[in-house]
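Chemist: Before we start, here is the structure in question, set down as structure tokens.
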Amino acid sequence: MLRTTSPALALIVVLTLALAGCGKQAAAPAAAPVAPALLIASEDLLMLQNNELASGPVITGSVQPERRADLRAEVSAVVLQVLKENGESVQRGDVLLLLDDTALRESVSAADQSTRAATQTQDQAERMLQRLATLRASGMVSTQALEDAEMRRNNAQSELAAARTRAAQARQQLQRTLVRAPFNGIVSERKVSSGDTVQIGKELIKVIDPSSMRFEGLVSADRIGLVKLGQAVQFRINGYPEQQFSGRVKRIDPAANAVTRQVVVLVDFVGPAQPKVAGLYAEGRIEADSAKVLMLPESALVRAGDQTHAWRLLSQDQTSTPTRMQVLRKVALVLGERDGRSGQWEVRSGLALGDTVLRNPGSGMLDGQLATLLAPSPKPAALPVSAVLPVIGK
């Protein structure tokens with residue numbers, strides 16, 4: 001005979017079983033994952049040292065040739081032919097451009113005819129003066145007639161000189177229809193084409209000497225007192241991103257710009273490294289002073305917004321194994337100026353002389369993470385001669 005269980009007793013049994021299940025399922029909290037130790041070779045480390053940091057005024061500007069010529073039209077004429085294009089090399093005296101010389105040749109011909117007529121007039125006046133001088137010696141002509149002949153001779157000489165001058169000017173104008181290179185160089189810009197009509201003063205063509213490049217920079221007037229002739233300048237040029245250029249201050253403009261309050265400083269290149277393209281933007285620093293400071297390369301710095309830090313290694317007790325345990329520490333840095341010569345940054349605080357940091361830190365490292373510094377591998381021992389040379393007789 002079955003006995004029916006009361007509802008209250010059933011509820012108690014269910015709650016008891018549920019509590020027992022929860023107690024079995026409850027377990028200790030999971031341990032936080034531990035980052036594995038890094039393996040670091042000696043090539044990955046960098047020890048802080050004092051390096052020389054050059055400081056001085058910033059200089060910005062462009063690279064321009066010292067020898068450059070903007071050739072302009074000296075006569076009004078039509079362009080017949082352009083013989084040189086942009087980028088072509090030229091020698092001094094080479095014809096770059098031809099202008100129509102038809103009208104000028106007519107002027108030369110007319111000037112030559114005037115010269116011949118003036119020459120004949122002067123010769124005739126000279127002969128007449130000589131005859132009257134002979135007659136005046138015998139008393140056959142008056143003194144007034146002799147003086148009139150002498151005046152006509154003088155006027156004829158003046159007319160002849162003026163005619164020769166006009167002929168020389170006409171020939172000079174004719175020569176100006178041939179636009180020639182003033183020095184050895186390269187055509188940098190052609191302003192006209194065949195068929196163009198040019199007036200006096202019109203730009204025709206530009207020639208530069210690429211071997212005479214210099215840095216034409218600007219320095220703020222409030223720092224111009226630090227700039228001296230002969231000071232070294234380190235700068236970079238757009239278009240040559242991986243190259244550092246060196247120069248020396250050659251000339252300082254004695255007057256500042258009235259609007260920008262900047263002073264022009266001319267810098268000559270030092271060494272064989274020189275750009276061949278004019279007009280490129282350049283920026284650098286004049287080495288007015290230098291000091292020994294702690295410096296780090298850009299590769300050792302980790303930047304996050306306005307914050308900069310590095311990964312420093314702290315040594316642990318040396319173990320019996322051929323490896324040494326290290327601890328990574330994230331160190332906030334305060335940086336100073338950047339050395340334009342080496343590209344390194346001045347470290348003003350955060351690290352000290354002799355500290356060891358990672359040369360190229362990764363993105364997955366944690367503060368306090370262990371690191372294993374691998375011992376340098378020993379050099380392989382040299383094999384004995386008997387193991388290298390063949391045995392004679394075998």
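Chain labels A, B, ... are given in the sequence in which chains occur in the structure tokens; within each chain residues are numbered consecutively from 1, and ligands are likewise numbered from 1 in the order shown.
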So that I can see what lies close to range 107-114 of chain A, please list as a ChimeraX atom specification the residues with an atom at most 8 Å from it, counting only C-alpha atoms and leaving out residues fewer than 2 positions away in the same chain.
Modeler: /A:103-105,116-118,163-164,166-167,170-171,174
Chemist: Output all heavy atoms of each residue in that selection to a file, as a compact mmCIF listing (two decimals), in the first residue's frame.
Modeler:
# COMPACT_ATOMS: atom_id res chain seq x y z
N ALA A 103 64.40 92.41 -89.08
CA ALA A 103 64.39 93.87 -88.95
C ALA A 103 65.74 94.38 -88.48
O ALA A 103 66.21 95.46 -88.93
CB ALA A 103 63.29 94.30 -87.98
N LEU A 104 66.40 93.65 -87.63
CA LEU A 104 67.69 94.11 -87.12
C LEU A 104 68.77 94.02 -88.19
O LEU A 104 69.69 94.87 -88.21
CB LEU A 104 68.08 93.27 -85.90
CG LEU A 104 67.17 93.46 -84.68
CD1 LEU A 104 67.59 92.52 -83.56
CD2 LEU A 104 67.22 94.91 -84.20
N ARG A 105 68.67 93.07 -89.07
CA ARG A 105 69.65 93.02 -90.17
C ARG A 105 69.49 94.22 -91.08
O ARG A 105 70.47 94.78 -91.59
CB ARG A 105 69.49 91.73 -90.97
CG ARG A 105 69.99 90.50 -90.22
CD ARG A 105 69.96 89.25 -91.10
NE ARG A 105 70.44 88.10 -90.37
CZ ARG A 105 71.73 87.79 -90.21
NH1 ARG A 105 72.66 88.58 -90.75
NH2 ARG A 105 72.09 86.72 -89.54
N ARG A 116 79.44 104.61 -94.32
CA ARG A 116 80.20 104.86 -95.55
C ARG A 116 80.00 106.28 -96.05
O ARG A 116 80.95 106.95 -96.48
CB ARG A 116 79.76 103.86 -96.63
CG ARG A 116 80.28 102.45 -96.40
CD ARG A 116 80.08 101.59 -97.65
NE ARG A 116 78.66 101.40 -97.94
CZ ARG A 116 77.94 100.39 -97.46
NH1 ARG A 116 78.51 99.48 -96.64
NH2 ARG A 116 76.67 100.27 -97.78
N ALA A 117 78.75 106.79 -95.98
CA ALA A 117 78.50 108.17 -96.43
C ALA A 117 79.22 109.16 -95.54
O ALA A 117 79.82 110.15 -96.02
CB ALA A 117 77.00 108.44 -96.42
N ALA A 118 79.23 108.94 -94.24
CA ALA A 118 79.93 109.83 -93.33
C ALA A 118 81.42 109.77 -93.56
O ALA A 118 82.13 110.80 -93.43
CB ALA A 118 79.60 109.46 -91.89
N ALA A 163 77.95 107.76 -86.77
CA ALA A 163 77.52 106.69 -87.66
C ALA A 163 78.15 105.35 -87.26
O ALA A 163 77.49 104.31 -87.29
CB ALA A 163 77.88 107.04 -89.10
N ARG A 164 79.40 105.36 -86.88
CA ARG A 164 80.06 104.12 -86.43
C ARG A 164 79.43 103.60 -85.13
O ARG A 164 79.28 102.39 -84.95
CB ARG A 164 81.54 104.39 -86.23
CG ARG A 164 82.31 104.55 -87.56
CD ARG A 164 83.74 104.96 -87.30
NE ARG A 164 84.50 105.03 -88.55
CZ ARG A 164 85.74 105.49 -88.65
NH1 ARG A 164 86.38 105.94 -87.54
NH2 ARG A 164 86.36 105.51 -89.82
N ARG A 166 76.26 104.05 -84.23
CA ARG A 166 74.97 103.46 -84.58
C ARG A 166 75.16 102.09 -85.23
O ARG A 166 74.36 101.18 -84.98
CB ARG A 166 74.21 104.41 -85.50
CG ARG A 166 73.71 105.67 -84.82
CD ARG A 166 72.74 106.41 -85.72
NE ARG A 166 73.41 106.92 -86.92
CZ ARG A 166 73.97 108.12 -87.01
NH1 ARG A 166 73.96 108.94 -85.94
NH2 ARG A 166 74.54 108.53 -88.12
N ALA A 167 76.19 101.94 -86.03
CA ALA A 167 76.45 100.64 -86.65
C ALA A 167 76.83 99.59 -85.61
O ALA A 167 76.38 98.44 -85.67
CB ALA A 167 77.56 100.78 -87.70
N ALA A 170 73.69 98.59 -83.75
CA ALA A 170 72.84 97.73 -84.59
C ALA A 170 73.38 96.30 -84.60
O ALA A 170 72.61 95.34 -84.53
CB ALA A 170 72.76 98.30 -86.01
N ARG A 171 74.70 96.16 -84.70
CA ARG A 171 75.29 94.81 -84.68
C ARG A 171 75.09 94.15 -83.30
O ARG A 171 74.87 92.94 -83.22
CB ARG A 171 76.77 94.88 -85.03
CG ARG A 171 77.04 95.15 -86.50
CD ARG A 171 78.52 95.01 -86.83
NE ARG A 171 78.73 95.11 -88.25
CZ ARG A 171 78.88 96.26 -88.92
NH1 ARG A 171 78.84 97.41 -88.24
NH2 ARG A 171 79.06 96.25 -90.22
N LEU A 174 71.67 92.89 -83.14
CA LEU A 174 71.56 91.68 -83.96
C LEU A 174 72.10 90.46 -83.20
O LEU A 174 71.52 89.37 -83.27
CB LEU A 174 72.32 91.88 -85.28
CG LEU A 174 72.28 90.70 -86.26
CD1 LEU A 174 70.85 90.42 -86.69
CD2 LEU A 174 73.17 90.98 -87.47
Chemist: Residues of range 122-327 of chain A classed as helix (DSSP H, G or I) by DSSP on the backbone are to be reported as a PyMOL selection string.
Modeler: chain A and resi 122-137+143-175+210-212+221-226+298-300
Chemist: Extract, using only C-alpha atoms, all DNA, RNA and protein residues at most 9 Å from Ile252 in chain A, discarding same-chain residues fewer than 3 positions from it, and format them as number ranges by chain.
Modeler: A: 224, 227-229, 249, 255, 263-266
Chemist: Applying 12 Å and only C-alpha atoms, which residues near Asp306 in chain A remain after dropping the ones on its own chain fewer than 6 positions away? List them as a PyMOL selection string.
Modeler: chain A and resi 332-335
Chemist: Those selected residues, please, written with N, CA, C and O atoms and delivered as an mmCIF file, in the first residue's frame.
Modeler:
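Once written, part.cif looks like this:
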data_model
loop_
_atom_site.group_PDB
_atom_site.id
_atom_site.type_symbol
_atom_site.label_atom_id
_atom_site.label_comp_id
_atom_site.auth_asym_id
_atom_site.auth_seq_id
_atom_site.Cartn_x
_atom_site.Cartn_y
_atom_site.Cartn_z
ATOM 1 N N ALA A 332 58.398 55.904 -17.512
ATOM 2 C CA ALA A 332 57.982 57.142 -18.188
ATOM 3 C C ALA A 332 59.184 58.065 -18.357
ATOM 4 O O ALA A 332 60.016 58.191 -17.457
ATOM 5 N N LEU A 333 59.263 58.706 -19.508
ATOM 6 C CA LEU A 333 60.411 59.542 -19.838
ATOM 7 C C LEU A 333 59.976 60.981 -20.091
ATOM 8 O O LEU A 333 58.850 61.238 -20.528
ATOM 9 N N VAL A 334 60.893 61.883 -19.812
ATOM 10 C CA VAL A 334 60.760 63.283 -20.219
ATOM 11 C C VAL A 334 61.888 63.557 -21.197
ATOM 12 O O VAL A 334 63.067 63.485 -20.837
ATOM 13 N N LEU A 335 61.524 63.842 -22.433
ATOM 14 C CA LEU A 335 62.506 64.019 -23.499
ATOM 15 C C LEU A 335 62.816 65.497 -23.698
ATOM 16 O O LEU A 335 62.007 66.377 -23.405
#
Chemist: Hey, could you make a per-residue contact list for range 112-201 of chain A against range 64-77 of chain A with 6 Å as the cut-off, showing the nearest pair of atoms and its distance in Å to one decimal, counting only C-alpha atoms, sorted by chain and number, as CSV?
Modeler:
residue,atom,partner,partner_atom,distance
A:Thr197,CA,A:Ala77,CA,5.9
A:Val198,CA,A:Ser76,CA,5.7
A:Gln199,CA,A:Ser76,CA,4.4
A:Ile200,CA,A:Glu74,CA,5.0
A:Gly201,CA,A:Ala73,CA,5.2
Chemist: For the selection just defined, write its residues with C-alpha atoms to a file, as a JSON list (two decimals), in the first residue's frame.
Modeler:
[["chain", "number", "residue", "atom", "x", "y", "z"],
["A", 197, "THR", "CA", 56.30, 87.35, -79.59],
["A", 198, "VAL", "CA", 58.49, 88.71, -76.83],
["A", 199, "GLN", "CA", 59.08, 92.24, -75.66],
["A", 200, "ILE", "CA", 62.17, 93.68, -74.01],
["A", 201, "GLY", "CA", 62.43, 92.27, -70.47]]
Chemist: Can you tell me, as a list in words, what residues are no more than 8 Å from Asn360 in chain A when counting only C-alpha atoms, ignoring any on the same chain fewer than 3 positions away?
Modeler: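 With the cut-off at 8 Å, the set is Asp44, Ser299 and Ala300 of chain A.
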Chemist: Need to verify the contact set: range 37-43 of chain A, 10 Å, only C-alpha atoms, exclusion of same-chain residues closer than 5 positions in sequence. Can you return it as a ChimeraX atom specification?
Modeler: /A:323,325-328,358-360,365,369-376
Chemist: Filtering to C-alpha atoms, could you give me those residues as a PDB file, in the first residue's frame?
Modeler:
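Heads up, here's the output in selection_3.pdb:
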ATOM      1  CA  THR A 323      70.916  32.305 -18.380  1.00  0.00           C
ATOM      2  CA  MET A 325      66.540  36.356 -15.144  1.00  0.00           C
ATOM      3  CA  GLN A 326      65.441  39.941 -15.736  1.00  0.00           C
ATOM      4  CA  VAL A 327      62.328  41.956 -14.943  1.00  0.00           C
ATOM      5  CA  LEU A 328      60.778  44.386 -17.426  1.00  0.00           C
ATOM      6  CA  LEU A 358      65.215  47.319 -24.947  1.00  0.00           C
ATOM      7  CA  ARG A 359      66.470  48.507 -28.292  1.00  0.00           C
ATOM      8  CA  ASN A 360      63.256  47.647 -30.181  1.00  0.00           C
ATOM      9  CA  MET A 365      54.987  43.264 -23.109  1.00  0.00           C
ATOM     10  CA  GLN A 369      57.149  40.499 -16.867  1.00  0.00           C
ATOM     11  CA  LEU A 370      60.111  38.174 -16.474  1.00  0.00           C
ATOM     12  CA  ALA A 371      62.732  38.005 -19.178  1.00  0.00           C
ATOM     13  CA  THR A 372      65.557  35.566 -19.770  1.00  0.00           C
ATOM     14  CA  LEU A 373      68.805  37.060 -20.968  1.00  0.00           C
ATOM     15  CA  LEU A 374      70.512  34.522 -23.169  1.00  0.00           C
ATOM     16  CA  ALA A 375      74.197  34.039 -22.647  1.00  0.00           C
ATOM     17  CA  PRO A 376      76.280  34.696 -25.754  1.00  0.00           C
TER      18      PRO A 376
END
Chemist: Tell me which of A:Asp148, A:Glu159, A:Asp339, A:Glu216 sits closest to Val63 in chain A, counting only C-alpha atoms.
Modeler: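 Counting only C-alpha atoms, the residue closest to Val63 in chain A is A:Glu216.
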Chemist: Just want the 7 Å neighbourhood of Asp100 in chain A, counted on only C-alpha atoms, with same-chain residues fewer than 5 positions away dropped. Output as a short mmCIF file (atom, residue, chain, number, x, y, z; two decimals) with all heavy atoms, in the first residue's frame.
Modeler:
data_model
loop_
_atom_site.label_atom_id
_atom_site.label_comp_id
_atom_site.auth_asym_id
_atom_site.auth_seq_id
_atom_site.Cartn_x
_atom_site.Cartn_y
_atom_site.Cartn_z
N ALA A 77 61.08 90.80 -80.58
CA ALA A 77 61.12 89.96 -81.78
C ALA A 77 60.25 88.73 -81.56
O ALA A 77 59.66 88.53 -80.49
CB ALA A 77 62.56 89.55 -82.10
N VAL A 78 60.17 87.91 -82.58
CA VAL A 78 59.42 86.65 -82.56
C VAL A 78 60.40 85.51 -82.32
O VAL A 78 61.50 85.48 -82.89
CB VAL A 78 58.64 86.44 -83.87
CG1 VAL A 78 57.93 85.09 -83.88
CG2 VAL A 78 57.64 87.57 -84.07
N VAL A 79 60.03 84.57 -81.46
CA VAL A 79 60.88 83.40 -81.18
C VAL A 79 60.84 82.46 -82.38
O VAL A 79 59.76 81.98 -82.76
CB VAL A 79 60.42 82.67 -79.91
CG1 VAL A 79 61.29 81.45 -79.65
CG2 VAL A 79 60.44 83.62 -78.71
N LEU A 80 61.99 82.22 -82.98
CA LEU A 80 62.06 81.32 -84.12
C LEU A 80 62.24 79.86 -83.69
O LEU A 80 61.59 78.96 -84.21
CB LEU A 80 63.21 81.72 -85.04
CG LEU A 80 63.08 83.05 -85.76
CD1 LEU A 80 64.29 83.27 -86.66
CD2 LEU A 80 61.80 83.08 -86.59
N THR A 177 69.78 88.58 -80.71
CA THR A 177 68.76 87.63 -81.17
C THR A 177 69.22 86.19 -80.95
O THR A 177 68.41 85.26 -81.11
CB THR A 177 68.45 87.85 -82.65
OG1 THR A 177 69.66 87.68 -83.43
CG2 THR A 177 67.91 89.26 -82.88
#
